[in-house]
Amino acid sequence: MTTPRGARGAVPRHDDRRRSFPQVAPREAPDGRFAATWWGNAWVEALEDAALDPARLARGKAYAGRGHVDAITVTPGRVVAYVHGSRPRPYRTEIRMRTLGDDGWERFLDETTARPDHIAALLDKDVPHALEAVTGLLPAPGDLVPDCSCPDDGYPCKHAAALCYQAARLLDEDPFVLFLMRGRGEQELLAELTRRNAALSAAETTAAAPPMPTVPARAVFDAAARAGLSLPPPLPLPDRPGRPAVFPPDPDAPDPLALDLLASEAAARAHVFLTSGHDPVAALTPWQDAVRLAAAHPGSGLTASTRALYRDLAYALDRTPTDLARAVAAWRQGGAAGLAVLEEPWDPPAGPFDRARPALIAADFPAFRPWRNRLSTESLQLRLGRDGLWYGYESDAGREDWWPRGAPDHDPVGALTDLLGR
């Protein structure tokens, strides 16, 4: 499903290739080195081996130790932060590096998948030395390209050096930051490793298991018929759909209320299909199905879970919660036909539509104006559906904000009477 964008105030989609980190607290490794891990220190060594001025490095290390580096943002091939110097306004500083190409990532993924202990190490925030040897994840001298808005043309200046030192501490905390610097986000990598590991496991299982003997189904039926046997009767159908299991809350799992909703809907759909041979949902579009789901539950605003349901369904289909609430009102008014009346103006043929205005005038409702399949006043509207029913709508006077109201009727006067009586 798709998602709505910023103009509607929707929650932004998570970007796996852009991470921001708050200011890193100064600390020193037990052995006196700046970083605590071998890959963090390898990062520092790549900076120091390429530096042209040891004095600037020393000042940069001091800046990093005193907390002069603000929050750090990491994207593929780029590390950016504001670094405070001697002037009141901080300098925008960045470190650029080459990202790994597809061949490099293929080597990394193949090597990692081939060794379960490598996957376990990565999940434990550790980088095996073998992965670096195969793929060249860590920068070599000259791979790190500093840039800063300060007037110092040193390579690197003390602000870029400070950023590079602080970035080493980020790598200590989470090696997936290094992978992001090289071009791949954490979720992207884990998903691909999971897929490859599952495929490898399936291939190993298939290769290890002997093929099962098979018998053609037709041969079984023919043998049973010759022996005078018949199939047992099918199991009786339950009176109602079953209830889903209880899903305990888990911060790393989907919303249990959403799981319960989807499981309940799947059970109801399966029950209808078993009893009638008809799938009530198969012909619906994603939008129609979302409206149907929301319409089957209490109206928006009654409970927190219902508000979340409306928000999430609307977000997934590039609509607003108000769009969904209006569509739900139409669905409750007339199902899929009612939703079509809400969303699809059309030109009806001569007949019932032409007879509607004289009928309304005779019933003392003379102010209705026609447009396509609609008859409107300032605050009331009747819409003729393709099913031959009239659907009532209301709006505040002077606004084109029409909401479905009342029950549909073959008689426009009946539909209007029901609308006004509510």
# chains A, B, ... in the order shown; residues from 1 in each chain; ligands from 1

$ residues_around --residues "range 346-362 of chain A" --least-positions-apart "6" --cutoff "7 Å" --atoms "only C-alpha atoms" --output "list in words"
Arg372, Asn373, Pro412 and Val413 of chain A

$ write_last_selection --atoms "N, CA, C and O atoms" --output "JSON list (two decimals), in the first residue's frame"
[["chain", "number", "residue", "atom", "x", "y", "z"],
["A", 372, "ARG", "N", -25.70, 16.79, -13.27],
["A", 372, "ARG", "CA", -25.40, 15.39, -13.53],
["A", 372, "ARG", "C", -26.39, 14.49, -12.78],
["A", 372, "ARG", "O", -27.60, 14.58, -13.00],
["A", 373, "ASN", "N", -25.92, 13.62, -11.86],
["A", 373, "ASN", "CA", -26.85, 12.74, -11.15],
["A", 373, "ASN", "C", -27.27, 13.30, -9.80],
["A", 373, "ASN", "O", -27.76, 12.56, -8.94],
["A", 412, "PRO", "N", -37.25, 9.58, -4.54],
["A", 412, "PRO", "CA", -36.46, 10.71, -4.02],
["A", 412, "PRO", "C", -37.13, 11.40, -2.84],
["A", 412, "PRO", "O", -36.44, 11.86, -1.92],
["A", 413, "VAL", "N", -38.45, 11.48, -2.84],
["A", 413, "VAL", "CA", -39.15, 12.09, -1.71],
["A", 413, "VAL", "C", -38.96, 11.24, -0.45],
["A", 413, "VAL", "O", -38.74, 11.77, 0.65]]

$ select_by_dssp --residues "range 18-89 of chain A" --states "strand (DSSP E or B)" --output "VMD selection string"
chain A and resid 19 to 21 69 to 75 78 to 83

$ residues_around --residues "Cys148 in chain A" --least-positions-apart "5" --cutoff "8 Å" --atoms "only C-alpha atoms" --output "MDAnalysis selection string"
chainID A and resid 91:94 157 159:160

$ residues_around --residues "Trp402 in chain A" --least-positions-apart "6" --cutoff "8 Å" --atoms "only C-alpha atoms" --output "ChimeraX atom specification"
/A:381,393-395

$ closest_residue --among "A:Pro156, A:Gly385, A:Gly185, A:Pro54" --to "Thr75 in chain A" --atoms "only C-alpha atoms"
A:Gly185

$ select_by_dssp --residues "range 131-355 of chain A" --states "helix (DSSP H, G or I)" --output "MDAnalysis selection string"
chainID A and resid 131:135 158:173 176:181 186:208 217:226 256:276 286:295 304:316 321:343 352:355

$ residues_around --residues "Ala337 in chain A" --least-positions-apart "5" --cutoff "9 Å" --atoms "only C-alpha atoms" --output "PyMOL selection string"
chain A and resi 330-331+342+385-387

$ write_last_selection --atoms "N, CA and C atoms" --output "compact mmCIF listing (two decimals), in the first residue's frame"
# COMPACT_ATOMS: atom_id res chain seq x y z
N ALA A 330 -20.52 6.61 3.62
CA ALA A 330 -21.14 6.18 2.37
C ALA A 330 -21.31 4.67 2.33
N TRP A 331 -20.29 3.94 2.82
CA TRP A 331 -20.38 2.47 2.82
C TRP A 331 -21.50 1.99 3.73
N LEU A 342 -20.75 8.27 -3.74
CA LEU A 342 -19.94 9.33 -3.16
C LEU A 342 -18.87 9.81 -4.13
N GLY A 385 -28.01 6.83 -7.69
CA GLY A 385 -26.99 5.82 -7.92
C GLY A 385 -27.28 5.01 -9.17
N ARG A 386 -26.27 4.32 -9.65
CA ARG A 386 -26.46 3.46 -10.81
C ARG A 386 -27.38 2.28 -10.50
N ASP A 387 -27.61 2.02 -9.22
CA ASP A 387 -28.53 0.96 -8.82
C ASP A 387 -29.98 1.42 -8.79

$ residues_around --residues "Ala270 in chain A" --least-positions-apart "5" --cutoff "9 Å" --atoms "only C-alpha atoms" --output "PyMOL selection string"
chain A and resi 241+265+275+279

$ closest_residue --among "A:Thr214, A:Ser264, A:Thr417, A:Ser276" --to "Leu237 in chain A" --atoms "only C-alpha atoms"
A:Ser276

$ residues_around --residues "range 103-111 of chain A" --least-positions-apart "6" --cutoff "12 Å" --atoms "only C-alpha atoms" --output "number ranges by chain"
A: 117-119, 122, 127-137, 179-180, 182-185, 188-197, 200

$ atom_distance --atom1 "CA of Trp43 in chain A" --atom2 "CA of Tyr63 in chain A"
17.6 Å

$ atom_distance --atom1 "CA of Gly392 in chain A" --atom2 "CA of Leu416 in chain A"
6.3 Å

$ atom_distance --atom1 "CA of Phe365 in chain A" --atom2 "CA of Pro345 in chain A"
22.7 Å
